[in-house]
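**Student:** My file is query08.txt. It has compact mmCIF, C-alpha atoms:
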# COMPACT_ATOMS: atom_id res chain seq x y z
CA MET A 1 88.10 85.47 -95.89
CA HIS A 2 86.44 83.26 -98.49
CA ILE A 3 83.37 84.74 -100.18
CA ASP A 4 80.80 82.42 -101.67
CA PRO A 5 80.84 82.90 -105.50
CA THR A 6 77.06 82.57 -105.49
CA ILE A 7 76.72 85.58 -103.17
CA THR A 8 79.12 87.57 -105.38
CA THR A 9 77.07 86.71 -108.48
CA ILE A 10 73.78 87.63 -106.79
CA TRP A 11 75.21 90.95 -105.57
CA ALA A 12 76.58 91.75 -109.04
CA GLU A 13 73.19 91.05 -110.63
CA PHE A 14 71.41 93.11 -107.96
CA SER A 15 73.81 96.03 -108.43
CA SER A 16 73.42 95.86 -112.22
CA THR A 17 69.63 95.77 -111.96
CA LEU A 18 69.61 98.68 -109.50
CA GLN A 19 71.71 100.80 -111.88
CA LEU A 20 69.34 99.87 -114.72
CA VAL A 21 66.33 100.96 -112.67
CA VAL A 22 67.95 104.29 -111.74
CA LYS A 23 68.81 104.96 -115.39
CA GLY A 24 65.26 104.04 -116.43
CA LEU A 25 63.76 106.43 -113.89
CA ILE A 26 66.00 109.25 -115.16
CA ILE A 27 65.03 108.52 -118.77
CA GLY A 28 61.32 108.44 -117.92
CA ILE A 29 61.49 111.79 -116.12
CA ILE A 30 63.50 113.55 -118.84
CA VAL A 31 61.22 112.31 -121.62
CA SER A 32 58.05 113.39 -119.80
CA ALA A 33 59.13 116.72 -118.32
CA PRO A 34 58.95 119.19 -121.28
CA MET A 35 55.71 121.14 -121.63
CA GLY A 36 54.58 119.64 -124.93
CA PRO A 37 50.96 118.94 -125.95
CA VAL A 38 50.50 116.17 -123.35
CA GLY A 39 52.09 118.23 -120.57
CA ILE A 40 49.72 121.11 -121.26
CA LEU A 41 46.82 118.67 -121.55
CA CYS A 42 47.70 117.17 -118.17
CA ILE A 43 47.83 120.60 -116.55
CA GLN A 44 44.53 121.70 -118.08
CA ARG A 45 42.72 118.51 -117.08
CA THR A 46 44.13 118.68 -113.56
CA MET A 47 42.95 122.28 -113.18
CA HIS A 48 39.51 121.85 -114.77
CA LYS A 49 38.63 118.21 -114.07
CA GLY A 50 40.67 117.20 -111.02
CA ARG A 51 43.92 115.44 -110.19
CA THR A 52 42.64 111.96 -111.08
CA TYR A 53 42.04 113.05 -114.66
CA GLY A 54 45.50 114.59 -114.78
CA LEU A 55 47.05 111.35 -113.52
CA VAL A 56 45.32 109.14 -116.10
CA THR A 57 46.41 111.61 -118.77
CA GLY A 58 49.99 111.18 -117.60
CA ALA A 59 49.57 107.40 -117.44
CA GLY A 60 48.48 107.31 -121.08
CA ALA A 61 51.54 109.31 -122.08
CA ALA A 62 53.81 107.11 -119.92
CA LEU A 63 52.51 103.94 -121.60
CA SER A 64 53.15 105.44 -125.03
CA ASP A 65 56.66 106.45 -123.94
CA MET A 66 57.35 102.89 -122.76
CA ILE A 67 56.28 101.53 -126.16
CA TYR A 68 58.69 103.87 -127.95
CA ALA A 69 61.39 102.87 -125.44
CA LEU A 70 60.77 99.20 -126.33
CA ILE A 71 61.03 100.01 -130.03
CA THR A 72 64.27 101.93 -129.47
CA GLY A 73 65.74 99.21 -127.25
CA SER A 74 64.85 96.46 -129.73
CA GLY A 75 66.47 98.34 -132.59
CA MET A 76 69.65 99.00 -130.62
CA ALA A 77 69.80 95.36 -129.49
CA LEU A 78 70.00 94.27 -133.14
CA ILE A 79 73.25 96.21 -133.60
CA MET A 80 74.63 95.56 -130.10
CA ASP A 81 77.68 93.68 -131.43
CA PHE A 82 78.50 96.67 -133.61
CA ILE A 83 78.05 99.37 -130.98
CA GLU A 84 80.03 97.50 -128.32
CA ARG A 85 83.25 98.70 -129.95
CA PRO A 86 84.80 101.45 -127.75
CA GLU A 87 85.18 103.97 -130.58
CA ILE A 88 81.55 103.49 -131.64
CA ILE A 89 80.35 103.92 -128.04
CA PHE A 90 82.40 107.13 -127.79
CA TRP A 91 80.79 108.69 -130.86
CA LEU A 92 77.33 107.48 -129.89
CA LYS A 93 77.70 109.28 -126.57
CA VAL A 94 78.99 112.43 -128.28
CA VAL A 95 76.05 112.40 -130.71
CA GLY A 96 73.71 111.60 -127.82
CA SER A 97 74.99 114.63 -125.91
CA LEU A 98 74.46 116.80 -128.99
CA LEU A 99 70.89 115.54 -129.41
CA LEU A 100 70.20 116.21 -125.74
CA LEU A 101 71.62 119.72 -126.11
CA ILE A 102 69.36 120.39 -129.12
CA PHE A 103 66.39 119.00 -127.21
CA GLY A 104 67.21 121.20 -124.21
CA LEU A 105 67.55 124.32 -126.34
CA HIS A 106 64.29 123.54 -128.12
CA THR A 107 62.53 123.12 -124.76
CA LEU A 108 64.09 126.31 -123.37
CA LEU A 109 63.10 128.43 -126.37
CA SER A 110 59.69 126.88 -127.09
CA ASN A 111 56.44 128.58 -126.15
CA PRO A 112 54.15 126.14 -124.31
CA ILE A 113 51.19 128.47 -124.79
CA LYS A 114 51.13 127.70 -128.52
CA VAL A 115 50.09 124.10 -127.89
CA MET A 116 47.32 124.93 -125.42
CA ARG A 117 43.87 123.70 -126.26
CA LYS A 118 40.59 125.18 -125.20
CA PRO A 119 39.33 122.99 -122.33
CA SER A 120 36.29 120.90 -123.10
CA GLY A 121 33.17 121.46 -121.04
CA GLN A 122 32.75 117.70 -120.58
CA LYS A 123 34.94 115.58 -118.32
CA GLY A 124 34.55 112.36 -120.25
CA THR A 125 35.44 109.00 -118.75
CA LEU A 126 38.83 108.27 -117.20
CA PHE A 127 39.42 105.69 -119.92
CA ASN A 128 38.69 108.26 -122.63
CA ASN A 129 41.15 110.70 -121.06
CA PHE A 130 43.74 107.92 -120.85
CA VAL A 131 43.31 106.91 -124.50
CA THR A 132 43.43 110.45 -125.88
CA SER A 133 46.70 111.26 -124.11
CA PHE A 134 48.13 107.89 -125.20
CA LEU A 135 47.30 108.64 -128.84
CA VAL A 136 48.59 112.22 -128.66
CA THR A 137 51.96 110.97 -127.38
CA LEU A 138 52.03 108.05 -129.82
CA SER A 139 51.53 110.48 -132.71
CA ASN A 140 55.02 111.91 -132.15
CA PRO A 141 57.53 109.26 -133.35
CA LEU A 142 60.36 111.83 -133.20
CA ILE A 143 60.61 110.99 -129.51
CA ILE A 144 62.57 107.92 -130.62
CA PHE A 145 65.56 110.19 -131.30
CA LEU A 146 65.44 111.39 -127.70
CA PHE A 147 65.35 107.79 -126.50
CA ILE A 148 68.34 106.94 -128.72
CA ALA A 149 70.28 109.84 -127.22
CA LEU A 150 69.40 108.87 -123.65
CA PHE A 151 70.01 105.15 -124.18
CA ALA A 152 73.42 105.85 -125.70
CA GLN A 153 74.52 108.42 -123.16
CA LEU A 154 73.33 106.52 -120.09
CA THR A 155 74.50 103.18 -121.53
CA PHE A 156 71.01 101.83 -120.96
CA ALA A 157 71.48 98.17 -121.87
CA VAL A 158 68.69 95.78 -120.88
CA PRO A 159 69.84 92.23 -119.99
CA GLU A 160 68.57 89.39 -122.16
CA ASN A 161 66.25 87.94 -119.53
CA ILE A 162 62.61 88.53 -118.66
CA PHE A 163 63.34 89.99 -115.22
CA GLY A 164 65.94 92.41 -116.61
CA VAL A 165 63.66 93.51 -119.44
CA ALA A 166 60.74 94.03 -117.03
CA CYS A 167 62.88 96.06 -114.61
CA GLY A 168 64.40 98.17 -117.38
CA TYR A 169 61.26 99.23 -119.20
CA LEU A 170 58.98 99.39 -116.17
CA SER A 171 61.48 101.78 -114.58
CA ILE A 172 61.06 104.10 -117.59
CA PHE A 173 57.29 103.94 -117.09
CA GLY A 174 57.85 104.51 -113.37
CA GLY A 175 60.04 107.55 -114.00
CA ALA A 176 57.41 109.05 -116.27
CA MET A 177 54.71 108.45 -113.65
CA LEU A 178 56.90 110.04 -110.96
CA TRP A 179 56.90 113.19 -113.07
CA TRP A 180 53.14 113.17 -113.64
CA VAL A 181 52.40 112.47 -109.96
CA GLY A 182 54.65 115.36 -108.94
CA LEU A 183 53.26 117.71 -111.58
CA THR A 184 49.61 117.04 -110.75
CA TYR A 185 50.39 117.42 -107.04
CA VAL A 186 51.93 120.86 -107.62
CA ILE A 187 49.06 121.93 -109.87
CA THR A 188 46.49 120.78 -107.30
CA ARG A 189 48.20 122.62 -104.45
CA MET A 190 48.72 125.79 -106.53
CA ARG A 191 45.50 125.65 -108.52
CA ARG A 192 44.62 129.31 -107.91
CA SER A 193 48.06 130.77 -108.57
CA PHE A 194 49.37 128.41 -111.25
CA GLY A 195 48.86 129.83 -114.73
CA LEU A 196 50.75 130.71 -117.88
CA ARG A 197 53.73 131.89 -115.86
CA GLY A 198 53.90 128.52 -114.11
CA MET A 199 54.03 126.70 -117.46
CA PHE A 200 56.85 128.95 -118.65
CA VAL A 201 58.81 128.41 -115.43
CA ILE A 202 58.53 124.62 -115.69
CA ASN A 203 59.50 124.63 -119.36
CA ARG A 204 62.48 126.94 -118.84
CA THR A 205 63.67 124.93 -115.83
CA VAL A 206 63.47 121.65 -117.71
CA GLY A 207 65.29 123.13 -120.70
CA ILE A 208 68.13 124.49 -118.55
CA VAL A 209 68.50 121.19 -116.66
CA VAL A 210 68.64 119.15 -119.89
CA ILE A 211 71.23 121.53 -121.37
CA LEU A 212 73.40 121.27 -118.26
CA VAL A 213 73.07 117.47 -118.27
CA SER A 214 74.01 117.27 -121.97
CA VAL A 215 77.12 119.39 -121.35
CA LEU A 216 78.04 117.24 -118.32
CA TYR A 217 77.64 114.06 -120.40
CA ALA A 218 79.72 115.50 -123.24
CA LEU A 219 82.55 116.50 -120.89
CA SER A 220 82.49 113.13 -119.12
CA THR A 221 82.68 111.37 -122.50
CA VAL A 222 85.47 113.49 -123.99
CA PHE A 223 87.60 113.53 -120.82
CA LYS A 224 86.65 109.95 -119.85
CA ILE A 225 85.22 110.90 -116.47
CA SER A 226 83.14 108.12 -114.96
CA LEU A 227 79.79 109.17 -113.51
CA THR A 228 78.36 107.27 -110.57
CA PHE A 229 75.32 105.88 -112.44
CA TYR A 230 77.29 104.67 -115.47
Could you take the file, read its structure, and then write that structure out as structure tokens?

**Tutor:**
Amino acid sequence: MHIDPTITTIWAEFSSTLQLVVKGLIIGIIVSAPMGPVGILCIQRTMHKGRTYGLVTGAGAALSDMIYALITGSGMALIMDFIERPEIIFWLKVVGSLLLLIFGLHTLLSNPIKVMRKPSGQKGTLFNNFVTSFLVTLSNPLIIFLFIALFAQLTFAVPENIFGVACGYLSIFGGAMLWWVGLTYVITRMRRSFGLRGMFVINRTVGIVVILVSVLYALSTVFKISLTFY
């Protein structure tokens, strides 16, 4: 049976874009999940000010994350011809797995209570809450190393067209927002029982998951096992 080449091309582009979106969602969730300063800030604002304030706090962090993702992607695009060599890709993935492992261990062993801030008595405007969380996240440029690790390990390559770029980076923002929507929902439903123990549980869980993922990526790279979202 003859298949129209146009249909084949459209399906290939759709499949490629879908994989890009899935990878972006995964990246957005992993980057947002650890209980750093913004995570604690989101929890505190959700508990003391309401879920809407928690959501705009997450949105500010997600926007900052997307900016750092754009910076990372632009830098990697400049050396794309160099990193397309199979041996370079192999070592990038190995190093990416190592960085993810370090990040997971740091998250697992860190104490989220140390970055807690005393809640302010004033709610402030939603815009003010958005801007403060945006600036807090933007003040940590080390997150670029996490993006480099994730981009390399997930082979997150954004096509050189406006639609591809929009899908790629908006999916990272979307993944981050999925995390903040889920987190604020849990906090709202468990407002009375969620406390310091809850923060520790989330942080430990995220750390363990990232460690397991880094080991899985390392094994798949070394033994050349293809994962479904590659």

**Student:** Looking at all atoms listed in the file, which of A:Phe147, A:Gln153, A:Ala166, A:Thr188 is the one that sits closest to Ile71 of chain A?

**Tutor:**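 Among the listed residues, A:Phe147 lies closest to Ile71 of chain A.
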
**Student:** Segment 86-111 of chain A near segment 22-45 of chain A within 12 Å: what's each residue's closest atom pair and its distance in Å to one decimal, counting all atoms listed in the file, ordered by chain then ascending residue number, as CSV?

**Tutor:**
residue,atom,partner,partner_atom,distance
A:Leu100,CA,A:Ile30,CA,10.0
A:Phe103,CA,A:Pro34,CA,9.5
A:Gly104,CA,A:Pro34,CA,9.0
A:Leu105,CA,A:Pro34,CA,11.2
A:His106,CA,A:Pro34,CA,9.7
A:Thr107,CA,A:Pro34,CA,6.4
A:Leu108,CA,A:Pro34,CA,9.0
A:Leu109,CA,A:Pro34,CA,11.3
A:Ser110,CA,A:Met35,CA,8.9
A:Asn111,CA,A:Met35,CA,8.7

**Student:** Keeping only C-alpha atoms, take the residues you just selected and write them out as a CSV table (one decimal), in the frame of the given file.

**Tutor:**
chain,number,residue,atom,x,y,z
A,100,LEU,CA,70.2,116.2,-125.7
A,103,PHE,CA,66.4,119.0,-127.2
A,104,GLY,CA,67.2,121.2,-124.2
A,105,LEU,CA,67.6,124.3,-126.3
A,106,HIS,CA,64.3,123.5,-128.1
A,107,THR,CA,62.5,123.1,-124.8
A,108,LEU,CA,64.1,126.3,-123.4
A,109,LEU,CA,63.1,128.4,-126.4
A,110,SER,CA,59.7,126.9,-127.1
A,111,ASN,CA,56.4,128.6,-126.2

**Student:** Which distance in Å separates atom CA of Thr17 of chain A and atom CA of Leu170 of chain A, to one decimal?

**Tutor:** 12.0 Å

**Student:** Need to verify the contact set: Ser97 of chain A, 9 Å, all atoms listed in the file, exclusion of same-chain residues closer than 5 positions in sequence. Can you return it as a ChimeraX atom specification?

**Tutor:** /A:92,102,149-150,152-153,213-218

**Student:** Show which residues sit within 10 Å of Gly164 of chain A, as a short mmCIF file (atom, residue, chain, number, x, y, z; two decimals) with C-alpha atoms, keeping the file's coordinate frame. Count all atoms listed in the file, and ignore same-chain residues fewer than 4 positions away.

**Tutor:**
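selection_5.cif, freshly written:
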data_model
loop_
_atom_site.label_atom_id
_atom_site.label_comp_id
_atom_site.auth_asym_id
_atom_site.auth_seq_id
_atom_site.Cartn_x
_atom_site.Cartn_y
_atom_site.Cartn_z
CA GLU A 13 73.19 91.05 -110.63
CA SER A 16 73.42 95.86 -112.22
CA THR A 17 69.63 95.77 -111.96
CA LEU A 20 69.34 99.87 -114.72
CA VAL A 21 66.33 100.96 -112.67
CA ALA A 157 71.48 98.17 -121.87
CA VAL A 158 68.69 95.78 -120.88
CA PRO A 159 69.84 92.23 -119.99
CA GLU A 160 68.57 89.39 -122.16
CA GLY A 168 64.40 98.17 -117.38
CA TYR A 169 61.26 99.23 -119.20
CA LEU A 170 58.98 99.39 -116.17
#

**Student:** What's around segment 85-91 of chain A at 12 Å? Count all atoms listed in the file, leave out sequence neighbours fewer than 4 positions away in its own chain, and write the answer as a PyMOL selection string.

**Tutor:** chain A and resi 79-81+95-98+149+151-156+217-224

**Student:** Between A:Thr184, A:Asn161, A:Thr205, A:Thr72, which is the closest to His48 of chain A once you count only C-alpha atoms?

**Tutor:**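 Going through A:Thr184, A:Asn161, A:Thr205, A:Thr72 one by one, the smallest distance to His48 of chain A is for A:Thr184.
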
**Student:** For atom CA of Ile143 of chain A and atom CA of Gly198 of chain A, determine how far apart the two atoms are, in Å to one decimal place.

**Tutor:**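 Atom CA of Ile143 of chain A sits 24.3 Å away from atom CA of Gly198 of chain A.
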
**Student:** Measure the distance from atom CA of Thr52 of chain A to atom CA of Val165 of chain A in Å and round it to one decimal.

**Tutor:**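 So the answer is 29.2 Å.
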
**Student:** Within 12 Å of Ser133 of chain A, counting only C-alpha atoms, which residues qualify if same-chain residues fewer than 5 places away don't, as a list in words?

**Tutor:** Gly36, Pro37, Val38, Gly39, Ile40, Leu41, Cys42, Arg45, Tyr53, Gly54, Leu55, Val56, Thr57, Gly58, Ala59, Gly60, Ala61, Ala62, Leu63, Ser64, Asp65, Leu126, Phe127, Asn128, Leu138, Ser139 and Asn140 of chain A

**Student:** Considering only C-alpha atoms, state which residue in the set A:Tyr68, A:Thr46, A:Val206, A:Met177 is at the smallest distance from Thr137 of chain A.

**Tutor:**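 Looking only at the distances to Thr137 of chain A, the closest residue turns out to be A:Tyr68.
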
**Student:** Find, counting only C-alpha atoms, the residue in A:Val94, A:Ile7, A:Met47, A:Ala69 that gets nearest to Met190 of chain A.

**Tutor:**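 Under the stated criterion, the closest residue is A:Met47.
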
**Student:** Which one of A:Ile172, A:Cys167, A:Ile148, A:Leu18 sits closest to Met66 of chain A if you count all atoms listed in the file?

**Tutor:**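 Of all the options, A:Ile172 lies closest to Met66 of chain A.
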
**Student:** Could you add the missing atoms to segment 190-226 of chain A, up to N, CA and C atoms, and return them as a JSON list (two decimals), in the coordinates of the input?

**Tutor:**
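Done, and the output landed in rebuild_37.json:
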[["chain", "number", "residue", "atom", "x", "y", "z"],
["A", 190, "MET", "N", 48.59, 124.39, -106.09],
["A", 190, "MET", "CA", 48.72, 125.79, -106.53],
["A", 190, "MET", "C", 47.68, 126.14, -107.58],
["A", 191, "ARG", "N", 46.52, 125.49, -107.49],
["A", 191, "ARG", "CA", 45.50, 125.65, -108.52],
["A", 191, "ARG", "C", 45.15, 127.12, -108.79],
["A", 192, "ARG", "N", 45.05, 127.92, -107.74],
["A", 192, "ARG", "CA", 44.62, 129.31, -107.91],
["A", 192, "ARG", "C", 45.71, 130.21, -108.47],
["A", 193, "SER", "N", 46.97, 129.89, -108.15],
["A", 193, "SER", "CA", 48.06, 130.77, -108.57],
["A", 193, "SER", "C", 48.83, 130.26, -109.80],
["A", 194, "PHE", "N", 48.64, 128.97, -110.11],
["A", 194, "PHE", "CA", 49.37, 128.41, -111.25],
["A", 194, "PHE", "C", 48.67, 128.81, -112.54],
["A", 195, "GLY", "N", 49.43, 129.40, -113.45],
["A", 195, "GLY", "CA", 48.86, 129.83, -114.73],
["A", 195, "GLY", "C", 49.90, 129.75, -115.82],
["A", 196, "LEU", "N", 49.82, 130.71, -116.76],
["A", 196, "LEU", "CA", 50.75, 130.71, -117.88],
["A", 196, "LEU", "C", 52.19, 130.86, -117.40],
["A", 197, "ARG", "N", 52.39, 131.69, -116.38],
["A", 197, "ARG", "CA", 53.73, 131.89, -115.86],
["A", 197, "ARG", "C", 54.31, 130.57, -115.32],
["A", 198, "GLY", "N", 53.46, 129.79, -114.65],
["A", 198, "GLY", "CA", 53.90, 128.52, -114.11],
["A", 198, "GLY", "C", 54.37, 127.57, -115.21],
["A", 199, "MET", "N", 53.64, 127.56, -116.33],
["A", 199, "MET", "CA", 54.03, 126.70, -117.46],
["A", 199, "MET", "C", 55.38, 127.13, -118.02],
["A", 200, "PHE", "N", 55.58, 128.44, -118.15],
["A", 200, "PHE", "CA", 56.85, 128.95, -118.65],
["A", 200, "PHE", "C", 58.00, 128.58, -117.71],
["A", 201, "VAL", "N", 57.76, 128.71, -116.41],
["A", 201, "VAL", "CA", 58.81, 128.41, -115.43],
["A", 201, "VAL", "C", 59.22, 126.94, -115.52],
["A", 202, "ILE", "N", 58.23, 126.05, -115.59],
["A", 202, "ILE", "CA", 58.53, 124.62, -115.69],
["A", 202, "ILE", "C", 59.31, 124.32, -116.96],
["A", 203, "ASN", "N", 58.85, 124.89, -118.07],
["A", 203, "ASN", "CA", 59.50, 124.63, -119.36],
["A", 203, "ASN", "C", 60.94, 125.14, -119.37],
["A", 204, "ARG", "N", 61.14, 126.36, -118.86],
["A", 204, "ARG", "CA", 62.48, 126.94, -118.84],
["A", 204, "ARG", "C", 63.40, 126.12, -117.92],
["A", 205, "THR", "N", 62.87, 125.71, -116.78],
["A", 205, "THR", "CA", 63.67, 124.93, -115.83],
["A", 205, "THR", "C", 64.10, 123.61, -116.44],
["A", 206, "VAL", "N", 63.15, 122.93, -117.08],
["A", 206, "VAL", "CA", 63.47, 121.65, -117.71],
["A", 206, "VAL", "C", 64.51, 121.84, -118.81],
["A", 207, "GLY", "N", 64.34, 122.88, -119.62],
["A", 207, "GLY", "CA", 65.29, 123.13, -120.70],
["A", 207, "GLY", "C", 66.69, 123.38, -120.17],
["A", 208, "ILE", "N", 66.81, 124.18, -119.13],
["A", 208, "ILE", "CA", 68.13, 124.49, -118.55],
["A", 208, "ILE", "C", 68.77, 123.23, -117.97],
["A", 209, "VAL", "N", 67.97, 122.42, -117.26],
["A", 209, "VAL", "CA", 68.50, 121.19, -116.66],
["A", 209, "VAL", "C", 69.01, 120.24, -117.74],
["A", 210, "VAL", "N", 68.23, 120.06, -118.81],
["A", 210, "VAL", "CA", 68.64, 119.15, -119.89],
["A", 210, "VAL", "C", 69.91, 119.65, -120.56],
["A", 211, "ILE", "N", 70.02, 120.96, -120.76],
["A", 211, "ILE", "CA", 71.23, 121.53, -121.37],
["A", 211, "ILE", "C", 72.44, 121.27, -120.49],
["A", 212, "LEU", "N", 72.30, 121.51, -119.18],
["A", 212, "LEU", "CA", 73.40, 121.27, -118.26],
["A", 212, "LEU", "C", 73.80, 119.80, -118.24],
["A", 213, "VAL", "N", 72.79, 118.91, -118.27],
["A", 213, "VAL", "CA", 73.07, 117.47, -118.27],
["A", 213, "VAL", "C", 73.79, 117.07, -119.55],
["A", 214, "SER", "N", 73.37, 117.62, -120.69],
["A", 214, "SER", "CA", 74.01, 117.27, -121.97],
["A", 214, "SER", "C", 75.47, 117.72, -121.97],
["A", 215, "VAL", "N", 75.75, 118.90, -121.42],
["A", 215, "VAL", "CA", 77.12, 119.39, -121.35],
["A", 215, "VAL", "C", 77.95, 118.50, -120.41],
["A", 216, "LEU", "N", 77.35, 118.12, -119.27],
["A", 216, "LEU", "CA", 78.04, 117.24, -118.32],
["A", 216, "LEU", "C", 78.37, 115.90, -118.97],
["A", 217, "TYR", "N", 77.41, 115.34, -119.72],
["A", 217, "TYR", "CA", 77.64, 114.06, -120.40],
["A", 217, "TYR", "C", 78.74, 114.19, -121.44],
["A", 218, "ALA", "N", 78.71, 115.30, -122.19],
["A", 218, "ALA", "CA", 79.72, 115.50, -123.24],
["A", 218, "ALA", "C", 81.12, 115.59, -122.63],
["A", 219, "LEU", "N", 81.25, 116.36, -121.54],
["A", 219, "LEU", "CA", 82.55, 116.50, -120.89],
["A", 219, "LEU", "C", 83.02, 115.17, -120.31],
["A", 220, "SER", "N", 82.11, 114.42, -119.71],
["A", 220, "SER", "CA", 82.49, 113.13, -119.12],
["A", 220, "SER", "C", 82.92, 112.15, -120.20],
["A", 221, "THR", "N", 82.32, 112.26, -121.39],
["A", 221, "THR", "CA", 82.68, 111.37, -122.50],
["A", 221, "THR", "C", 84.04, 111.74, -123.08],
["A", 222, "VAL", "N", 84.23, 113.03, -123.36],
["A", 222, "VAL", "CA", 85.47, 113.49, -123.99],
["A", 222, "VAL", "C", 86.67, 113.29, -123.06],
["A", 223, "PHE", "N", 86.49, 113.62, -121.78],
["A", 223, "PHE", "CA", 87.60, 113.53, -120.82],
["A", 223, "PHE", "C", 87.60, 112.22, -120.04],
["A", 224, "LYS", "N", 86.70, 111.29, -120.44],
["A", 224, "LYS", "CA", 86.65, 109.95, -119.85],
["A", 224, "LYS", "C", 86.50, 109.99, -118.33],
["A", 225, "ILE", "N", 85.54, 110.81, -117.90],
["A", 225, "ILE", "CA", 85.22, 110.90, -116.47],
["A", 225, "ILE", "C", 84.04, 109.98, -116.19],
["A", 226, "SER", "N", 84.19, 109.08, -115.27],
["A", 226, "SER", "CA", 83.14, 108.12, -114.96],
["A", 226, "SER", "C", 82.13, 108.73, -113.99]]
